[in-house]
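Below is the file structure.cif, which contains mmCIF, C-alpha atoms.
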```
data_my_file
loop_
_atom_site.group_PDB
_atom_site.id
_atom_site.type_symbol
_atom_site.label_atom_id
_atom_site.label_comp_id
_atom_site.auth_asym_id
_atom_site.auth_seq_id
_atom_site.Cartn_x
_atom_site.Cartn_y
_atom_site.Cartn_z
ATOM 1 C CA MET A 1 -14.871 -26.946 4.438
ATOM 2 C CA THR A 2 -11.636 -25.350 3.267
ATOM 3 C CA SER A 3 -10.626 -21.778 3.894
ATOM 4 C CA PRO A 4 -10.486 -19.499 0.871
ATOM 5 C CA ILE A 5 -7.030 -18.755 -0.459
ATOM 6 C CA PRO A 6 -6.186 -15.141 0.383
ATOM 7 C CA ALA A 7 -6.493 -13.164 -2.845
ATOM 8 C CA PHE A 8 -5.664 -9.684 -1.559
ATOM 9 C CA ASP A 9 -2.021 -8.944 -0.740
ATOM 10 C CA ILE A 10 -1.188 -5.875 1.332
ATOM 11 C CA PHE A 11 2.094 -4.035 0.766
ATOM 12 C CA SER A 12 3.869 -0.985 2.125
ATOM 13 C CA GLY A 13 5.464 1.215 -0.487
ATOM 14 C CA ARG A 14 4.290 2.476 -3.851
ATOM 15 C CA TYR A 15 2.940 0.107 -6.483
ATOM 16 C CA GLY A 16 5.407 -0.375 -9.328
ATOM 17 C CA GLU A 17 8.419 0.908 -7.398
ATOM 18 C CA LYS A 18 11.329 -1.059 -5.960
ATOM 19 C CA GLY A 19 11.518 -1.753 -2.262
ATOM 20 C CA VAL A 20 7.889 -2.580 -1.511
ATOM 21 C CA LEU A 21 7.323 -4.783 1.525
ATOM 22 C CA TRP A 22 4.692 -7.528 1.647
ATOM 23 C CA LEU A 23 2.717 -7.271 4.894
ATOM 24 C CA GLY A 24 0.205 -10.080 4.548
ATOM 25 C CA ALA A 25 -2.808 -11.377 2.669
ATOM 26 C CA VAL A 26 -6.521 -11.653 3.347
ATOM 27 C CA ALA A 27 -9.426 -13.269 1.523
ATOM 28 C CA ARG A 28 -11.815 -10.305 1.321
ATOM 29 C CA LEU A 29 -11.284 -6.882 -0.232
ATOM 30 C CA ASP A 30 -13.076 -4.993 2.540
ATOM 31 C CA ASP A 31 -10.817 -6.665 5.139
ATOM 32 C CA ALA A 32 -7.725 -5.779 3.078
ATOM 33 C CA HIS A 33 -8.853 -2.172 2.745
ATOM 34 C CA THR A 34 -9.553 -1.858 6.476
ATOM 35 C CA ARG A 35 -6.198 -3.395 7.380
ATOM 36 C CA MET A 36 -4.365 -1.124 4.928
ATOM 37 C CA LEU A 37 -6.009 1.975 6.448
ATOM 38 C CA ASN A 38 -5.240 0.810 9.997
ATOM 39 C CA LEU A 39 -1.580 0.253 9.088
ATOM 40 C CA ALA A 40 -1.395 3.674 7.431
ATOM 41 C CA ALA A 41 -2.895 5.329 10.512
ATOM 42 C CA LYS A 42 -0.354 3.677 12.828
ATOM 43 C CA GLN A 43 2.687 4.173 10.583
ATOM 44 C CA PRO A 44 2.298 6.933 7.981
ATOM 45 C CA GLY A 45 3.396 6.046 4.477
ATOM 46 C CA ALA A 46 2.265 4.540 1.205
ATOM 47 C CA TYR A 47 0.342 1.252 1.147
ATOM 48 C CA PHE A 48 -1.517 -0.703 -1.503
ATOM 49 C CA VAL A 49 -3.642 -3.798 -2.000
ATOM 50 C CA PHE A 50 -2.979 -6.100 -4.939
ATOM 51 C CA ASN A 51 -5.438 -8.741 -6.159
ATOM 52 C CA SER A 52 -3.358 -11.832 -6.873
ATOM 53 C CA ASP A 53 -6.204 -13.455 -8.840
ATOM 54 C CA THR A 54 -6.677 -10.626 -11.343
ATOM 55 C CA LYS A 55 -3.114 -9.226 -11.040
ATOM 56 C CA THR A 56 -4.424 -5.699 -10.474
ATOM 57 C CA LEU A 57 -4.024 -2.890 -7.988
ATOM 58 C CA VAL A 58 -7.336 -2.550 -6.164
ATOM 59 C CA ALA A 59 -6.662 0.035 -3.438
ATOM 60 C CA SER A 60 -3.975 2.415 -2.262
ATOM 61 C CA VAL A 61 -3.400 5.128 0.307
ATOM 62 C CA ASP A 62 -0.518 7.439 1.141
ATOM 63 C CA THR A 63 -0.457 9.041 4.570
ATOM 64 C CA SER A 64 3.113 10.341 4.246
ATOM 65 C CA PRO A 65 3.488 13.865 5.570
ATOM 66 C CA PRO A 66 3.511 16.409 2.728
ATOM 67 C CA LEU A 67 6.881 17.815 1.706
ATOM 68 C CA ARG A 68 7.599 21.383 2.735
ATOM 69 C CA ALA A 69 8.286 23.816 -0.101
ATOM 70 C CA SER A 70 12.075 23.680 0.407
ATOM 71 C CA GLU A 71 12.035 19.851 0.416
ATOM 72 C CA SER A 72 9.856 19.826 -2.695
ATOM 73 C CA GLU A 73 12.343 22.049 -4.561
ATOM 74 C CA LYS A 74 15.249 19.804 -3.499
ATOM 75 C CA ALA A 75 13.367 16.720 -4.732
ATOM 76 C CA LYS A 76 12.727 18.378 -8.109
ATOM 77 C CA GLY A 77 16.392 19.336 -8.435
ATOM 78 C CA ALA A 78 17.522 15.786 -7.681
ATOM 79 C CA ALA A 79 15.313 14.288 -10.385
#
```
What's the structure tokens form of this structure?
Amino acid sequence: MTSPIPAFDIFSGRYGEKGVLWLGAVARLDDAHTRMLNLAAKQPGAYFVFNSDTKTLVASVDTSPPLRASESEKAKGAA
């Protein structure tokens, strides 16, 4: 019996942006989702799961700390 090819890739970063980091792959969506949430709990930030079979984003989470008002205004001014 062969092992299933992992279809769910887990990344840190935001989907569609440069600089994402591949963290691994698993065969089942529920395992990918659980791993993504565990990673996000240990190291706050943005994470997502991508289905390599269907080429779609299937889950995401962002546990980054919210920007303070002064940081938010600076970010808007830089854009």
_What's the separation between CA of Asp9 in chain A and CA of Phe48 in chain A, in Å to one decimal place?_
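One can read the CA of Asp9 in chain A to CA of Phe48 in chain A distance as 8.3 Å.
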The PyMOL selection byres ((chain A and resi 7) around 10) on the file shown: which residues, as a compact mmCIF listing (two decimals) with C-alpha atoms, in the coordinates of the input?
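The result, stored in result_25.txt:
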```
# COMPACT_ATOMS: atom_id res chain seq x y z
CA PRO A 4 -10.49 -19.50 0.87
CA ILE A 5 -7.03 -18.76 -0.46
CA PRO A 6 -6.19 -15.14 0.38
CA PHE A 8 -5.66 -9.68 -1.56
CA ASP A 9 -2.02 -8.94 -0.74
CA ILE A 10 -1.19 -5.88 1.33
CA ALA A 25 -2.81 -11.38 2.67
CA VAL A 26 -6.52 -11.65 3.35
CA ALA A 27 -9.43 -13.27 1.52
CA ARG A 28 -11.82 -10.30 1.32
CA LEU A 29 -11.28 -6.88 -0.23
CA ALA A 32 -7.72 -5.78 3.08
CA VAL A 49 -3.64 -3.80 -2.00
CA PHE A 50 -2.98 -6.10 -4.94
CA ASN A 51 -5.44 -8.74 -6.16
CA SER A 52 -3.36 -11.83 -6.87
CA ASP A 53 -6.20 -13.46 -8.84
CA THR A 54 -6.68 -10.63 -11.34
CA LYS A 55 -3.11 -9.23 -11.04
```
*Can you tell me, as a PyMOL selection string, what residues are no more than 9 Å from range 42-44 of chain A when counting all atoms listed in the file, ignoring any on the same chain fewer than 5 positions away?*
chain A and resi 37+62-65
*Nearest to Val58 in chain A among A:Phe11, A:Asn38, A:Leu23, A:Glu17, with distances taken over all atoms listed in the file: which residue is it?*
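Closest to Val58 in chain A, using all atoms listed in the file: A:Phe11.
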*Mind pulling up the distance from CA of Gly45 in chain A to CA of Val61 in chain A?*
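Computing the Euclidean distance for CA of Val61 in chain A and CA of Gly45 in chain A yields 8.0 Å.
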*asked:* What does the structure give for the distance between CA of Pro66 in chain A and CA of Ser12 in chain A, in Å to one decimal?
replied: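 These two atoms are separated by 17.4 Å.
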Resolved residues for the PyMOL selection byres ((chain A and resi 13) around 6) as an mmCIF file with C-alpha atoms, in the frame of the given file:
```
data_model
loop_
_atom_site.group_PDB
_atom_site.id
_atom_site.type_symbol
_atom_site.label_atom_id
_atom_site.label_comp_id
_atom_site.auth_asym_id
_atom_site.auth_seq_id
_atom_site.Cartn_x
_atom_site.Cartn_y
_atom_site.Cartn_z
ATOM 1 C CA SER A 12 3.869 -0.985 2.125
ATOM 2 C CA ARG A 14 4.290 2.476 -3.851
ATOM 3 C CA VAL A 20 7.889 -2.580 -1.511
ATOM 4 C CA ALA A 46 2.265 4.540 1.205
ATOM 5 C CA TYR A 47 0.342 1.252 1.147
#
```
